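Take a look at the structure below.
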Amino acid sequence: MVKAPPPPPAAPATCGTVADTPEEASSDDPKLIVIKPPILIPELAARLGLKPFHIMADLIKLGVFPAPNQPLEPDIAARICESHGFTFEREKRDKDKGFHKIEEVIVEPVAPVKEPEDLLKDRPPIVTIMGHVDHGKTSILDFFRKSKITSGEAGGITQHIGAYQVIHNHQEITFLDTPGHAIFSDMRARGADITDIVVLTVAANDGVMPQTLEAIKHAKNARKTIIVAINKCDLPSANVQRVKSQLAEHGLQTTDFGGDTEFSEVSAVTGQGMETLLELIALQAEVLELKANPKATTRAAVIEARVVPGRGTTATVIVESGTLKVGTPFICGPYAGKVRSLINDRGATIKSAHPGMPVEVIGFEELPNVGDHLTEMKTEREAKALANERQEQQRLIRLKPQHRTRMEDLFSMVRDVSGKAQLKLILKCDVQGSVEAIKKAVLAIESEKVECSFITAAAGPITESDVAYADSTGAIIVGFNVKVEAKAVKSAKAAVVEIKLYSVVYELIDQVREAMLGLLEPLSRETVIGHAEVRQIFKLTRGRAAGSFVTDGRIHRKAHARVIRGGVPVFDGRMSTLRRFQEEVEEVRTNFECGIRLGEFNEYLEGDIIECYKLDKIPQTL
Ligand code: GDP
């Protein structure tokens with residue numbers, strides 16, 4: 001149940017529809033929550049009268065998987081507040097604190113805002129190709145690129161800008177150029193969940209392989225529509241039925257057998273079935289009713305960024321809403337910019353890009369991150385002011401000590417959702433044989449209280465994308481006889497993701513068992529240490545004290561205490577004062593008198609029993 005939050009503190013002016021002065025911005029509206037970024041989960045939870053794991057559950061529902069101490073985007077905070085019947089406003093800093101004052105014009109990088117129905121127009125689906133290595137992902141992308149993109153337009157040659165579009169029956173389809181789930185999870189980890197449809201590629205001669213399963217897991221976790229492309233059907237060794245039954249075992253049942261997954265049998269070499277695959281994508285896009293408002297404030301997700309000699313910093317974005325035009329000032333991550341030039345996937349310079357379209361943007365001040373959002377601002381000045389503010393926020397976050405009580409966070413986060421604590425692991429090993437052996441051994445550790453699951457388990461080094469995935473899911477990375485790529489070390493440090501490396505299997509399994517123990521909330525054990533009887537009530541200038549006589553054990557100033565009346569506890573809390581005559585004491589023993597005050601409790605009656613107890617935390621075992 002949502003409790004009313006405390007009234008917001010007298011706050012500097014908030015942005016959005018806000019007042020100019022700090023005073024005006026503070027509100028008596030009990031349904032208004034004003035927080036100054038960084039917006040951290042514990043603070044938001046406290047303001048909503050909830051526990052952090054409630055917020056985590058909300059975030060999971062929204063498809064957002066932040067690390068426990070990662071600040072939330074204001075739009076996400078706003079959506080959570082809204083779902084609990086509150087309004088969220090982001091508090092801005094004022095001049096007095098040495099920051100730029102930002103007027104009410106700031107457009108947060110927000111907000112899949114609900115657009116008026118009549119302004120919504122169909123937009124192309126955004127498709128990511130996933131599957132096991134060598135199953136033909138790149139070949140499928142290349143086939144469409146070559147066969148469906150007509151040369152002869154400006155530039156003539158297809159440019160690799162990170163994504164491209166094909167036209168099928170007058171309908172645009174956008175393909176992300178980097179196949180595989182690495183970029184997919186990277187983007188999701190950074191809050192840019194732009195894929196609509198996943199084409200799962202499985203080679204007909206090879207069948208379901210470990211990365212096929214990983215891809216299914218990623219796509220399902222992200223609740224994406226999956227279309228299966230059984231590739232290499234031209235090969236004599238192709239066995240389509242085997243692939244279908246293997247996939248059925250993993251929850252992908254073809255519509256032919258009453259399931260709900262569309263399958264196509266293709267060959268990226270001969271082109272067989274490729275038209276049908278496009279047809280299926282187009283049909284699924286229709287079912288998904290993908291729409292965007294081309295007149296909205298422009299928002300786009302960065303899918304690739306690089307420095308091009310002669311052009312400077314460029315990034316390819318996919319427009320999510322609005323229309324990106326040359327001359328538009330924008331904010332992207334912590335940097336401001338202005339669109340100087342737009343180049344499409346055929347190398348042609350264009351003036352504007354509509355929703356769903358990939359376009360290379362020139363005009364970035366600094367190299368943005370993949371997954372950052374580019375958001376249109378009204379003026380360059382506003383863009384710069386917001387950039388300054390975000391840089392300042394980042395600086396403050398960097399200054400904050402980054403201790404992450406991962407295990408506890410994980411515990412409180414997950415228990416509420418599933419009723420069982422969960423330890424999530426990303427396992428990387430030298431060879432597939434070790435993956436299977438370790439997985440089996442870990443899954444054999446039985447516990448009624450902790451569930452261990454593998455987000456991914458594969459052979460290969462620990463990569464940056466493993467870290468991004470661990471960060472977004474709250475998993476711990478466990479490596480067996482593998483190297484950690486240099487970039488992964490860096491990002492793990494930045495994201496405070498735990499990487500544990502082992503070369504002895506039993507050590508690994510023992511440590512996982514210990515981690516599972518660490519996830520168990522210690523039990524609280526109460527030990528009563530003494531009783532006192534209230535004999536006389538003293539009125540003080542503020543409140544009352546209970547003149548008491550210790551009947552057994554001892555009364556300790558730092559202990560917990562409850563007031564028992566007629567055998568029923570009427571108050572339970574902590575001791576605030578313990579005195580002998582006028583003197584503060586630590587402890588009073590049996591047969592001595594003392595004066596007791598308990599927290600804010602003042603309703604003592606003669607004859608009440610004050611029971612003093614201590615609470616010990618007992619670690620649980622599996
Ligand atoms: P990726 O690792 O999934 O991107 O796979 P590639 O697209 O690089 O393909 C791996 C190999 O399979 C290459 O040698 C391709 O030529 C070959 N290949 C891809 N698709 C087909 C196909 O439909 N039929 C045949 N016979 N070979 C294919």
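Each chain of the structure tokens is named A, B, ... in the order shown, its residues numbered from 1; ligands are numbered from 1 in display order.
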
Picked from segment 189-372 of chain A by DSSP as strand (DSSP E or B), as a PyMOL selection string: chain A and resi 197-203+225-231+254+261-265+291-292+299-308+312-321+324-325+329-332+335-343+349-350+352-353+358-364

Who sits within 9 Å of Thr138 of chain A, only C-alpha atoms, same chain under 4 positions skipped, as a count of residues only: 7

Write out as number ranges by chain each polymer residue (protein, DNA or RNA) that has an atom no more than 7 Å from ligand 1, with only C-alpha atoms and all ligand atoms counted. A: 131-140, 179, 231-235, 266-270

Shell around segment 280-286 of chain A at 12 Å using only C-alpha atoms, local window under 2 positions removed, as a ChimeraX atom specification: /A:122-129,166-175,195-200,224-229,260-265,273-278,288-291,356

With only C-alpha atoms as the atoms that count, which of A:Ala495, A:Ala336, A:Val319, A:Ile555 lies nearest to His354 of chain A?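 Looking at the shortest contact to His354 of chain A, the residue is A:Val319.
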
Give the alpha helix (DSSP H) residues of segment 235-342 of chain A, as DSSP finds them on the backbone, and put them as a list in words.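 Those in segment 235-342 of chain A that DSSP calls alpha helix (DSSP H) are Val240, Gln241, Arg242, Val243, Lys244, Ser245, Gln246, Leu247, Ala248, Glu249, Met274, Glu275, Thr276, Leu277, Leu278, Glu279, Leu280, Ile281, Ala282, Leu283, Gln284, Ala285, Glu286, Val287 and Leu288 of chain A.
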
Could you please take those selected residues and save N, CA and C atoms as a CSV table (one decimal), in the first residue's frame?
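Dumped to selection-v9.csv:
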chain,number,residue,atom,x,y,z
A,240,VAL,N,15.4,-29.4,-41.2
A,240,VAL,CA,14.5,-28.4,-40.7
A,240,VAL,C,13.7,-28.9,-39.5
A,241,GLN,N,13.2,-30.1,-39.7
A,241,GLN,CA,12.3,-30.7,-38.6
A,241,GLN,C,13.1,-30.8,-37.3
A,242,ARG,N,14.4,-31.1,-37.4
A,242,ARG,CA,15.1,-31.2,-36.1
A,242,ARG,C,15.2,-29.9,-35.4
A,243,VAL,N,15.5,-28.8,-36.2
A,243,VAL,CA,15.6,-27.5,-35.7
A,243,VAL,C,14.3,-27.1,-35.0
A,244,LYS,N,13.2,-27.4,-35.7
A,244,LYS,CA,11.8,-27.0,-35.2
A,244,LYS,C,11.6,-27.7,-33.9
A,245,SER,N,11.9,-29.0,-33.8
A,245,SER,CA,11.6,-29.7,-32.5
A,245,SER,C,12.6,-29.3,-31.4
A,246,GLN,N,13.8,-28.9,-31.8
A,246,GLN,CA,14.8,-28.4,-30.8
A,246,GLN,C,14.2,-27.1,-30.2
A,247,LEU,N,13.8,-26.2,-31.1
A,247,LEU,CA,13.3,-24.9,-30.7
A,247,LEU,C,12.0,-25.1,-29.8
A,248,ALA,N,11.2,-26.0,-30.2
A,248,ALA,CA,10.0,-26.3,-29.5
A,248,ALA,C,10.3,-26.6,-28.0
A,249,GLU,N,11.4,-27.3,-27.8
A,249,GLU,CA,11.8,-27.7,-26.4
A,249,GLU,C,12.2,-26.4,-25.7
A,274,MET,N,13.8,-15.8,-48.6
A,274,MET,CA,14.2,-14.5,-48.0
A,274,MET,C,13.0,-13.5,-48.1
A,275,GLU,N,12.3,-13.6,-49.3
A,275,GLU,CA,11.1,-12.7,-49.5
A,275,GLU,C,10.1,-13.0,-48.4
A,276,THR,N,9.9,-14.3,-48.1
A,276,THR,CA,8.9,-14.7,-47.1
A,276,THR,C,9.3,-14.1,-45.8
A,277,LEU,N,10.6,-14.2,-45.5
A,277,LEU,CA,11.1,-13.7,-44.2
A,277,LEU,C,10.7,-12.2,-44.1
A,278,LEU,N,10.9,-11.4,-45.1
A,278,LEU,CA,10.6,-10.0,-45.1
A,278,LEU,C,9.1,-9.8,-44.9
A,279,GLU,N,8.3,-10.7,-45.5
A,279,GLU,CA,6.9,-10.7,-45.4
A,279,GLU,C,6.4,-10.9,-44.0
A,280,LEU,N,7.1,-11.9,-43.4
A,280,LEU,CA,6.7,-12.2,-42.0
A,280,LEU,C,7.1,-11.0,-41.0
A,281,ILE,N,8.2,-10.4,-41.3
A,281,ILE,CA,8.6,-9.2,-40.5
A,281,ILE,C,7.6,-8.1,-40.7
A,282,ALA,N,7.2,-7.9,-41.9
A,282,ALA,CA,6.2,-6.8,-42.2
A,282,ALA,C,4.9,-7.1,-41.5
A,283,LEU,N,4.5,-8.4,-41.5
A,283,LEU,CA,3.2,-8.8,-40.9
A,283,LEU,C,3.3,-8.6,-39.4
A,284,GLN,N,4.4,-9.0,-38.8
A,284,GLN,CA,4.6,-8.9,-37.3
A,284,GLN,C,4.5,-7.4,-36.9
A,285,ALA,N,5.1,-6.6,-37.8
A,285,ALA,CA,5.2,-5.1,-37.5
A,285,ALA,C,3.7,-4.6,-37.5
A,286,GLU,N,2.9,-5.1,-38.4
A,286,GLU,CA,1.5,-4.7,-38.4
A,286,GLU,C,0.8,-5.1,-37.1
A,287,VAL,N,1.1,-6.3,-36.7
A,287,VAL,CA,0.4,-6.8,-35.5
A,287,VAL,C,0.9,-6.0,-34.3
A,288,LEU,N,2.1,-5.6,-34.3
A,288,LEU,CA,2.6,-4.8,-33.2
A,288,LEU,C,2.1,-3.3,-33.1

Grab the atom CA of Val64 of chain A to atom CA of Ala222 of chain A distance for me, in Å with one decimal place. 9.4 Å
